[in-house]
Every structure is written in structure tokens, then in C-alpha cells.
>>> print(open('entry.csv').read())   # CSV, C-alpha atoms
chain,number,residue,atom,x,y,z
A,1,MET,CA,88.4,138.2,144.4
A,2,ILE,CA,91.0,135.7,145.6
A,3,THR,CA,93.7,137.1,147.9
A,4,TYR,CA,96.4,135.5,150.0
A,5,SER,CA,97.1,138.7,152.0
A,6,ASP,CA,96.2,136.9,155.2
A,7,ALA,CA,98.6,134.0,154.6
A,8,SER,CA,101.6,133.6,156.9
A,9,VAL,CA,103.8,133.2,153.8
A,10,ALA,CA,104.1,135.4,150.7
A,11,VAL,CA,102.5,133.7,147.7
A,12,ARG,CA,104.1,134.3,144.3
A,13,ALA,CA,102.2,137.0,142.4
A,14,ASP,CA,101.8,134.7,139.3
A,15,ILE,CA,100.1,132.1,141.4
A,16,VAL,CA,97.7,134.7,142.9
A,17,GLU,CA,96.9,135.9,139.4
A,18,ALA,CA,96.4,132.4,138.0
A,19,HIS,CA,94.1,131.5,140.9
A,20,ARG,CA,92.1,134.7,140.2
A,21,VAL,CA,91.7,133.9,136.6
A,22,ALA,CA,90.7,130.3,137.4
A,23,TRP,CA,88.2,131.5,139.9
A,24,GLY,CA,86.7,133.8,137.4
A,25,ARG,CA,86.4,131.0,134.9
A,26,ILE,CA,84.5,128.8,137.3
A,27,ALA,CA,81.9,131.6,137.6
A,28,ARG,CA,81.5,132.4,134.0
A,29,PRO,CA,79.4,130.5,131.4
A,30,GLY,CA,81.5,127.7,129.9
A,31,THR,CA,81.2,125.6,126.8
A,32,TRP,CA,78.3,123.4,127.9
A,33,PHE,CA,77.3,124.8,131.4
A,34,ASP,CA,76.2,128.2,132.6
A,35,GLY,CA,78.0,129.9,135.5
A,36,ALA,CA,75.5,128.8,138.1
A,37,THR,CA,76.0,125.2,137.2
A,38,ARG,CA,79.8,125.5,137.1
A,39,VAL,CA,79.8,127.0,140.6
A,40,ALA,CA,77.4,124.3,141.7
A,41,ILE,CA,79.9,121.7,140.4
A,42,ALA,CA,82.7,123.3,142.4
A,43,ALA,CA,80.4,123.4,145.5
A,44,GLU,CA,79.5,119.8,145.1
A,45,ALA,CA,83.2,118.8,144.9
A,46,ARG,CA,83.6,120.4,148.3
A,47,CYS,CA,80.9,118.1,149.8
A,48,VAL,CA,82.9,115.0,149.0
A,49,PRO,CA,85.0,114.8,152.2
A,50,SER,CA,81.8,114.6,154.3
A,51,CYS,CA,80.0,112.1,152.1
A,52,ALA,CA,79.3,108.9,154.0
A,53,LEU,CA,78.8,106.9,150.8
A,54,CYS,CA,82.2,108.0,149.4
A,55,LYS,CA,83.8,107.1,152.7
A,56,ARG,CA,82.3,103.5,152.5
A,57,GLN,CA,83.3,103.1,148.9
A,58,LYS,CA,86.8,104.4,149.5
A,59,GLU,CA,87.2,101.8,152.3
A,60,ALA,CA,85.8,98.9,150.3
A,61,LEU,CA,87.9,96.5,148.3
A,62,SER,CA,85.3,96.6,145.6
A,63,PRO,CA,84.0,100.2,145.5
A,64,TYR,CA,81.4,99.5,142.8
A,65,SER,CA,79.7,96.9,145.0
A,66,ILE,CA,78.7,99.6,147.5
A,67,ALA,CA,75.4,101.2,146.6
A,68,GLY,CA,73.6,104.2,148.0
A,69,ARG,CA,73.1,107.9,147.5
A,70,HIS,CA,75.8,110.5,147.9
A,71,ASP,CA,75.4,113.3,150.5
A,72,SER,CA,75.0,116.1,148.1
A,73,LEU,CA,73.8,119.7,147.9
A,74,GLY,CA,70.8,118.5,145.9
A,75,ILE,CA,71.4,121.0,143.1
A,76,LEU,CA,72.8,118.8,140.3
A,77,PRO,CA,71.4,115.6,138.7
A,78,GLU,CA,72.5,112.4,140.5
A,79,ARG,CA,74.6,111.3,137.5
A,80,VAL,CA,76.6,114.5,137.8
A,81,VAL,CA,76.9,114.2,141.6
A,82,GLU,CA,78.2,110.6,141.1
A,83,GLN,CA,80.8,111.8,138.6
A,84,ILE,CA,82.1,114.5,140.8
A,85,HIS,CA,82.2,112.4,144.0
A,86,ARG,CA,84.0,109.5,142.4
A,87,ILE,CA,86.6,111.7,140.8
A,88,VAL,CA,87.3,113.5,144.0
A,89,SER,CA,87.1,110.6,146.4
A,90,ASP,CA,88.6,107.6,144.6
A,91,PRO,CA,90.2,108.6,141.3
A,92,GLY,CA,92.7,105.7,141.2
A,93,ARG,CA,89.8,103.2,140.9
A,94,LEU,CA,87.8,104.8,138.2
A,95,THR,CA,87.1,102.3,135.4
A,96,ARG,CA,86.0,102.6,131.7
A,97,THR,CA,82.8,100.7,132.6
A,98,TRP,CA,82.0,103.4,135.2
A,99,PHE,CA,82.7,106.1,132.6
A,100,GLU,CA,80.4,104.4,130.1
A,101,ASP,CA,77.7,104.2,132.7
A,102,ILE,CA,77.9,107.9,133.3
A,103,ILE,CA,77.6,108.6,129.6
A,104,ALA,CA,74.7,106.2,129.3
A,105,SER,CA,72.9,107.9,132.1
A,106,GLY,CA,72.6,111.1,130.1
A,107,THR,CA,75.8,113.2,130.5
A,108,SER,CA,77.4,113.9,127.1
A,109,ASP,CA,81.1,113.2,126.7
A,110,ALA,CA,81.7,117.0,126.3
A,111,GLU,CA,79.8,117.8,129.5
A,112,TYR,CA,81.7,115.1,131.2
A,113,VAL,CA,85.0,116.7,130.2
A,114,GLU,CA,83.9,120.2,131.3
A,115,ILE,CA,82.9,118.8,134.7
A,116,VAL,CA,86.4,117.2,135.0
A,117,GLY,CA,87.9,120.6,134.2
A,118,VAL,CA,85.9,122.4,136.9
A,119,VAL,CA,86.6,119.7,139.4
A,120,ALA,CA,90.3,119.8,138.7
A,121,THR,CA,90.4,123.5,139.2
A,122,ILE,CA,88.6,123.5,142.5
A,123,VAL,CA,90.6,120.5,143.8
A,124,SER,CA,93.9,122.2,142.8
A,125,ILE,CA,93.2,125.6,144.4
A,126,ASP,CA,91.7,124.1,147.5
A,127,THR,CA,94.7,121.8,147.9
A,128,PHE,CA,97.0,124.8,147.6
A,129,CYS,CA,95.1,126.6,150.4
A,130,ARG,CA,95.4,123.6,152.7
A,131,ALA,CA,99.0,123.2,151.9
A,132,ILE,CA,99.9,126.8,152.9
A,133,GLY,CA,97.5,126.8,155.8
A,134,VAL,CA,94.8,129.3,154.8
A,135,PRO,CA,91.0,128.8,154.7
A,136,LEU,CA,89.3,127.8,151.5
A,137,HIS,CA,88.2,130.8,149.4
A,138,PRO,CA,84.5,131.5,149.2
A,139,LEU,CA,83.1,130.3,145.9
A,140,PRO,CA,82.5,133.0,143.3
A,141,GLU,CA,79.1,134.4,142.4
A,142,PRO,CA,77.9,133.0,139.1
A,143,VAL,CA,78.1,135.3,136.1
A,144,ALA,CA,74.9,135.4,134.0
A,145,GLY,CA,75.0,134.2,130.4
A,146,ALA,CA,74.6,131.1,128.3
A,147,PRO,CA,77.2,128.5,127.3
A,148,HIS,CA,78.2,128.7,123.7
A,149,ARG,CA,77.9,124.9,123.0
A,150,ARG,CA,80.5,124.6,120.3
A,151,ARG,CA,81.9,121.2,119.9
A,152,PRO,CA,85.3,121.0,118.1
A,153,ARG,CA,85.0,118.9,114.9
A,154,THR,CA,88.7,118.1,115.3
A,155,ALA,CA,88.1,116.1,118.4
A,156,ARG,CA,87.8,112.4,117.6
A,157,GLN,CA,87.6,109.1,119.4
A,158,ARG,CA,90.7,107.2,118.2
A,159,GLY,CA,90.7,104.6,120.9
A,160,GLU,CA,93.4,106.3,122.9
A,161,ALA,CA,91.4,107.5,125.9
A,162,TRP,CA,87.9,107.1,127.2
A,163,VAL,CA,87.0,110.6,125.9
A,164,PRO,CA,87.5,111.9,122.3
A,165,MET,CA,90.5,114.2,122.1
A,166,ILE,CA,92.0,116.6,119.5
A,167,HIS,CA,95.3,115.5,117.9
A,168,PRO,CA,97.7,118.3,117.2
A,169,LYS,CA,97.9,117.2,113.5
A,170,ASN,CA,94.2,118.0,113.2
A,171,LEU,CA,94.8,121.6,114.3
A,172,GLU,CA,96.5,122.6,111.0
A,173,GLY,CA,94.8,124.6,108.3
A,174,ASP,CA,91.4,126.2,108.6
A,175,LEU,CA,89.6,125.7,111.9
A,176,ASP,CA,85.9,126.1,112.7
A,177,THR,CA,86.1,127.6,116.2
A,178,GLU,CA,88.0,130.3,118.0
A,179,GLU,CA,88.7,127.7,120.8
A,180,GLU,CA,90.5,125.4,118.3
A,181,ARG,CA,92.4,128.4,117.0
A,182,VAL,CA,93.6,129.2,120.5
A,183,LEU,CA,94.7,125.6,121.1
A,184,ALA,CA,96.5,125.6,117.7
A,185,LYS,CA,98.5,128.7,118.7
A,186,TYR,CA,99.3,127.4,122.2
A,187,TRP,CA,100.0,123.8,121.3
A,188,GLY,CA,102.7,122.7,118.8
A,189,GLY,CA,104.8,119.7,118.1
A,190,VAL,CA,104.3,116.4,120.0
A,191,LEU,CA,102.0,116.7,122.9
A,192,ALA,CA,101.7,114.5,126.0
A,193,ASN,CA,98.3,112.9,126.4
A,194,ILE,CA,97.7,114.8,129.6
A,195,ARG,CA,97.7,118.1,127.6
A,196,ARG,CA,95.2,116.6,125.3
A,197,ALA,CA,93.0,115.0,127.9
A,198,LEU,CA,90.4,117.9,128.1
A,199,SER,CA,90.7,119.0,124.5
A,200,LEU,CA,87.1,117.9,123.7
A,201,VAL,CA,86.4,121.2,125.5
A,202,PRO,CA,89.3,123.3,124.2
A,203,GLU,CA,88.7,126.2,126.7
A,204,GLU,CA,89.1,123.8,129.6
A,205,ALA,CA,92.2,122.2,128.1
A,206,TYR,CA,93.8,125.6,127.6
A,207,ALA,CA,92.8,127.2,130.9
A,208,TRP,CA,93.7,124.1,132.9
A,209,PHE,CA,97.2,124.1,131.6
A,210,GLN,CA,97.6,127.8,132.1
A,211,LEU,CA,97.1,127.0,135.8
A,212,VAL,CA,99.3,123.9,135.7
A,213,GLU,CA,102.2,125.8,134.1
A,214,THR,CA,102.0,128.5,136.7
A,215,GLN,CA,101.9,126.2,139.7
A,216,TYR,CA,104.3,123.6,138.2
A,217,LEU,CA,106.6,124.7,135.4
A,218,PRO,CA,106.1,125.9,131.8
A,219,GLY,CA,107.1,123.2,129.3
A,220,LYS,CA,110.3,124.9,128.3
A,221,TRP,CA,111.5,124.9,131.9
A,222,MET,CA,110.4,121.4,132.7
A,223,ARG,CA,113.3,119.6,131.0
A,224,ASP,CA,115.9,122.4,131.5
A,225,PHE,CA,117.7,120.6,134.2
A,226,ALA,CA,120.7,122.9,134.0
A,227,ASN,CA,118.7,125.8,135.5
A,228,GLU,CA,116.4,126.1,138.5
A,229,TYR,CA,113.3,128.3,138.3
A,230,ARG,CA,111.7,127.8,141.6
A,231,ALA,CA,112.7,127.8,145.3
A,232,ILE,CA,112.9,124.0,145.1
A,233,THR,CA,114.9,122.1,142.5
A,234,HIS,CA,113.7,120.0,139.6
A,235,ALA,CA,114.5,116.9,141.6
A,236,GLN,CA,112.5,118.1,144.6
A,237,ILE,CA,109.6,119.1,142.3
A,238,GLU,CA,109.5,115.7,140.6
A,239,LEU,CA,109.8,113.9,143.9
A,240,ILE,CA,106.7,115.7,145.3
A,241,ALA,CA,104.8,115.2,142.0
A,242,GLY,CA,105.7,111.5,142.0
A,243,ARG,CA,104.8,110.9,145.6
A,244,VAL,CA,101.4,112.7,145.2
A,245,SER,CA,100.7,110.5,142.1
A,246,VAL,CA,101.6,107.3,144.0
A,247,LEU,CA,99.3,108.4,146.9
A,248,ASN,CA,96.5,108.9,144.4
A,249,GLN,CA,97.4,105.6,142.8
A,250,CYS,CA,97.6,107.4,139.4
A,251,PHE,CA,99.3,105.2,136.8
A,252,TYR,CA,99.8,107.9,134.2
B,1,MET,CA,110.8,113.1,135.1
B,2,LEU,CA,112.6,112.4,138.4
B,3,ARG,CA,114.6,109.7,136.7
B,4,GLU,CA,115.3,112.0,133.7
B,5,SER,CA,116.5,114.6,136.1
B,6,SER,CA,118.7,112.0,137.9
B,7,LYS,CA,120.3,110.9,134.6
B,8,THR,CA,120.9,114.4,133.4
B,9,THR,CA,122.4,115.8,136.6
B,10,GLY,CA,124.4,112.6,137.3
B,11,GLU,CA,122.9,112.4,140.7
B,12,ASN,CA,121.8,108.9,141.8
B,13,TYR,CA,118.3,109.6,143.2
B,14,ASP,CA,116.6,106.7,145.0
B,15,LEU,CA,113.2,106.3,143.2
B,16,THR,CA,111.9,104.0,145.9
B,17,LEU,CA,111.3,107.2,147.9
B,18,LEU,CA,108.2,107.6,145.7
B,19,THR,CA,106.6,104.6,147.2
B,20,GLY,CA,107.2,105.7,150.8
B,21,THR,CA,110.6,104.3,151.8
B,22,SER,CA,112.4,106.3,154.5
B,23,GLY,CA,115.3,108.6,153.9
B,24,ASP,CA,116.1,111.5,151.6
B,25,GLY,CA,116.8,109.4,148.5
B,26,ASN,CA,119.9,111.6,147.7
B,27,ILE,CA,117.5,114.5,147.2
B,28,PRO,CA,118.0,117.4,149.7
B,29,HIS,CA,115.1,117.5,152.2
B,30,GLY,CA,113.6,114.6,150.3
B,31,ALA,CA,112.1,112.9,153.3
B,32,LEU,CA,110.6,116.2,154.5
B,33,LEU,CA,109.0,117.0,151.2
B,34,VAL,CA,107.5,113.5,151.0
B,35,GLN,CA,106.1,114.1,154.5
B,36,PHE,CA,104.6,117.4,153.3
B,37,ALA,CA,102.9,115.7,150.4
B,38,GLU,CA,101.5,113.0,152.6
B,39,ALA,CA,100.3,115.5,155.2
B,40,VAL,CA,98.5,117.7,152.7
B,41,LEU,CA,96.7,114.7,151.2
B,42,GLY,CA,96.0,113.3,154.6
B,43,SER,CA,93.6,114.5,157.3
B,44,ASP,CA,95.8,115.1,160.3
B,45,ASP,CA,95.9,118.9,160.6
B,46,GLU,CA,98.3,118.9,163.5
B,47,ARG,CA,100.8,116.8,161.6
B,48,LEU,CA,100.4,119.1,158.6
B,49,ARG,CA,101.1,122.2,160.7
B,50,ALA,CA,104.2,120.6,162.1
B,51,VAL,CA,105.6,119.7,158.7
B,52,GLN,CA,104.8,123.2,157.4
B,53,SER,CA,106.7,124.8,160.3
B,54,GLU,CA,109.7,122.5,159.6
B,55,ILE,CA,109.8,123.3,155.9
B,56,ARG,CA,109.7,127.0,156.7
B,57,ALA,CA,112.5,126.7,159.2
B,58,ARG,CA,114.7,124.4,157.1
B,59,MET,CA,113.9,125.5,153.5
B,60,GLY,CA,112.2,128.9,153.8
B,61,ASP,CA,108.8,130.3,153.0
B,62,ALA,CA,109.2,130.3,149.2
B,63,ALA,CA,110.0,126.6,149.3
B,64,LEU,CA,106.8,126.0,151.2
B,65,VAL,CA,104.8,127.9,148.6
B,66,ASP,CA,106.4,126.2,145.6
B,67,ALA,CA,106.1,122.8,147.1
B,68,ALA,CA,102.4,123.5,147.9
B,69,ALA,CA,101.9,124.5,144.3
B,70,ILE,CA,103.3,121.2,143.1
B,71,ILE,CA,101.1,119.2,145.4
B,72,ALA,CA,98.1,121.3,144.3
B,73,THR,CA,98.9,120.6,140.6
B,74,PHE,CA,99.4,116.9,140.8
B,75,ASN,CA,96.5,116.2,143.2
B,76,ALA,CA,94.3,117.6,140.5
B,77,ILE,CA,96.2,116.4,137.4
B,78,ASP,CA,96.0,112.8,138.6
B,79,ARG,CA,92.2,113.2,138.6
B,80,VAL,CA,92.3,114.5,135.0
B,81,ALA,CA,94.4,111.6,133.9
B,82,ASP,CA,92.4,109.0,135.7
B,83,SER,CA,88.9,110.3,134.8
B,84,THR,CA,89.7,110.7,131.1
B,85,GLY,CA,91.4,107.3,130.7
B,86,ILE,CA,94.4,108.6,128.9
B,87,PRO,CA,97.1,106.0,128.4
B,88,ILE,CA,100.8,106.5,129.0
B,89,GLU,CA,102.6,107.3,125.8
B,90,ASP,CA,104.5,104.6,124.0
B,91,ASN,CA,107.9,106.3,124.4
B,92,LYS,CA,107.3,106.9,128.1
B,93,ALA,CA,106.1,103.3,128.5
B,94,GLU,CA,109.3,102.0,127.0
B,95,VAL,CA,111.8,104.1,129.1
B,96,THR,CA,109.9,103.6,132.3
B,97,ALA,CA,109.0,99.9,132.1
B,98,ASP,CA,111.7,98.7,134.4
B,99,PHE,CA,111.1,101.0,137.3
B,100,ARG,CA,107.3,100.9,137.0
B,101,ALA,CA,107.5,97.2,137.4
B,102,ALA,CA,110.0,97.4,140.2
B,103,LEU,CA,108.0,100.0,142.2
B,104,GLY,CA,104.7,98.2,141.7
B,105,ILE,CA,103.2,101.1,139.8
B,106,ASN,CA,101.8,98.9,137.0
B,107,ALA,CA,99.3,97.5,139.6
B,108,PHE,CA,97.5,100.9,139.6
B,109,ALA,CA,96.5,100.4,136.0
B,110,GLU,CA,95.7,96.7,136.4
B,111,LYS,CA,93.5,97.5,139.4
B,112,ARG,CA,91.4,99.6,137.0
B,113,GLY,CA,91.2,96.8,134.4
B,114,GLU,CA,93.5,98.7,132.1
B,115,ILE,CA,96.7,97.5,130.3
B,116,ALA,CA,99.6,99.1,132.1
B,117,ASP,CA,101.8,99.2,129.0
B,118,PRO,CA,100.0,100.3,125.7
B,119,ARG,CA,102.6,98.4,123.7
B,120,ASP,CA,101.1,95.2,125.1
B,121,ARG,CA,97.7,96.2,123.6
B,122,LYS,CA,99.3,96.5,120.2
B,123,SER,CA,101.0,93.2,120.4
B,124,GLY,CA,97.7,91.5,121.5
B,125,ALA,CA,98.9,90.7,125.0
>>> encode(input="entry.csv", output="C-alpha cells")
Amino acid sequence: MITYSDASVAVRADIVEAHRVAWGRIARPGTWFDGATRVAIAAEARCVPSCALCKRQKEALSPYSIAGRHDSLGILPERVVEQIHRIVSDPGRLTRTWFEDIIASGTSDAEYVEIVGVVATIVSIDTFCRAIGVPLHPLPEPVAGAPHRRRPRTARQRGEAWVPMIHPKNLEGDLDTEEERVLAKYWGGVLANIRRALSLVPEEAYAWFQLVETQYLPGKWMRDFANEYRAITHAQIELIAGRVSVLNQCFY
Amino acid sequence: MLRESSKTTGENYDLTLLTGTSGDGNIPHGALLVQFAEAVLGSDDERLRAVQSEIRARMGDAALVDAAAIIATFNAIDRVADSTGIPIEDNKAEVTADFRAALGINAFAEKRGEIADPRDRKSGA
């Protein structure tokens, strides 16, 4: 179980709890992958900093002109390794063509989205550990069980993003799956695209933003500039967020 | 959001701080927090330890933890946005067009072969 008891600073209890929940989710069967595969995805993401191919691609002006094999754990198919390594090492230069190649190589769009969710979770928690100066947590033991493989019928490709997403308007009325019902309860009103990005796998979309809201700010606090809710101000929070996004060359 | 905060509070934040210019940008400890973000995303462990110590000394342990949580969030959320190809929303594109152009942020989208402003796609540009 995740603990920050050895950290030289006191970590907020809600962050500790959110990280425990997220760690548990990595280990449990997801929508399209079992627990062992999800833990393998997280483990593969941790291999990226030592991958020679990723280093050469990152340094290249044209990253897609550099061919080769990634230094991987050898557990996951090469197409999944390629997805994980590129997202971790050079996210600012991902292209639609690269995405379409991943899908053409045999990863379904829903599997792709679940992989993104696991990668985002491990990157986020590992980044937090580095930032407060503690070692990375050992990865969790996989939990046995099968993925439920329910695809939300409300997720559609409307030409907005590379992946199909759910539109909040489609979450009204009778819904097929429990996952959609959870999103319908949690969402509401106009939603930023970043909240919808993983909605092809509703559990990932919901869980990812539970972690985001704990580490960052819940939506209702985000625009409440009259009050401060953290030990740093809104302006300081947004400065850090903006600087990180510029360093990652993230346009969104 | 930084600009919205600036407008709402009446403070005049210098948004060029986002692209690495020096100074605090009228935000308390702005330069130090930018250094922290850069150090966490970088690979120089000694520099990171020095910045962590300085934040604890000048801003306190709770500030270090909360700043770390923001870096952790956005280092991952950027990857979600970039790997799913979500566009910036029309309303955000409109109100941020001037400073995105001024800060050179549109180049991030163009480098990926994407249209920086979704309104251009609709107008056939």
C-alpha cells in the first residue's frame, strides 16, 4: 500500500488516499485489460527514461525518421510498447498519423484509451514522488480477474479528437452501462474536452479526474479566485501548470 | 486560467514567465516555482534538491507538496491531451488567441500538423 510516511514533508491525507486508490486501480482488471497487463503497462512506462531509441527520437528534428526497437521489458506487444514509449518520451510531437498507425497495427481505439489512462496515472504519481524527493513506489501485485469489455454506445467519433468520446448530451435518459451512469452523475453541464478525452473508457475518465481534482483543484474551486484552497495561490498554481505544459510543448 | 486569475484579481501577471523569461512576473515566488517545475521535469537531481530546499525555506513544506501535486497533474494531463488529439474548445481559442500567438504556443500544434485554432478549420483556413 502506498505510504508517504518516510517523506521529509507531510503529504496531505487526500493525496495519499487518492494515490492508494489509483494504485489499486492499476492492479485490478480494467475495461479491456486484466490486472497483470495493466501493471505491465505501468512497468513499461518506467522503462522509457532508459530507452536508447526514445533518447535518439527525442533528440531528432524528425522523430518519426528514427527507426529501431525500444528497450522494453518484453512483456507487451511491440505496438503497445511503441504507444507507451512515445507518449511518455515525446508527447508534444505525437501526430494523428502515428495514432492511426497504432490503431492499424491491431490496438483497438478503446484499448488505446485505457493504455493512456494507465500511463497518465503512473506518470503522475511517479512525478509527484520525484517532486517531493521520495523513491518511486513499488508497483502493485496484479489482482486476478477478467476485464468486463463493455464499450459505451454513447461514445462516438464526431471529428473532434483522434479518439471517439462521449458528449454530455448523450448521457441523458436510459444508459446501457453502469460506467456511463457513473459519468452521467459525475459530469453535468458543459465539459472541457480534457474531461471527455478518456470517455471511450468511462472508468478511466472518471478515475483519472478523481486523481486530477485531488492533486489540482475540484472544478468548483478552480474558478473561485476570491478564495484560496491550497498552500499556494490560484496564480501560483496556474503558473506552475502553464510552465509544465510549455515544457511538454502541450498546445491544449 | 492564469490570465483569468489575473483579470479577476486585478493583478497584472506577466504571462511571458510561462515561456521561461526571468523574474517573478508579479506572482509571489514566481521564479522559484518555475525553477521547481523545470527541475522536476529535468534530470539534474542536485538542482532539484536545491530548489526543494529553497521552497521549503521560503514557502513552507505544504507549499512544496501542493506545487509538487500540480506538476504531477499537468505532466500527465498534457500526455492525455496530446495522445487523444483533443482540440482546444472554440470559446477558449477565441479568448486566448492573442497571447497564444504572442507566446509562440501555436507552434506546438503546428509542429504536430494540427490546426492551432479550431475556428480556422470551420472557416476552411
>>> atom_distance(input="entry.csv", atom1="CA of Asn91 (chain B)", atom2="CA of Tyr112 (chain A)")
28.5 Å
>>> interface_residues(input="entry.csv", of="chain B", to="chain A", cutoff="8 Å", atoms="only C-alpha atoms", output="VMD selection string")
chain B and resid 1 to 2 5 to 6 8 to 9 17 to 20 27 to 28 30 33 to 34 37 to 38 40 to 41 48 to 49 52 61 to 89 105 to 106 108 to 109 111 to 113 116
>>> residues_around(input="entry.csv", residues="His148 (chain A)", least_positions_apart="3", cutoff="10 Å", atoms="all atoms listed in the file", output="ChimeraX atom specification")
/A:29-34,145,151
>>> closest_residue(input="entry.csv", among="A:Ser105, A:Lys58, A:Pro63, A:Glu114", to="Ile41 (chain A)", atoms="only C-alpha atoms")
A:Glu114
>>> atom_distance(input="entry.csv", atom1="CA of His19 (chain A)", atom2="CA of Lys185 (chain A)")
22.8 Å
>>> atom_distance(input="entry.csv", atom1="CA of Ala42 (chain A)", atom2="CA of Val134 (chain A)")
18.3 Å
>>> closest_residue(input="entry.csv", among="B:Thr21, B:Arg3, B:His29, B:Arg100", to="Met59 (chain B)", atoms="only C-alpha atoms")
B:His29
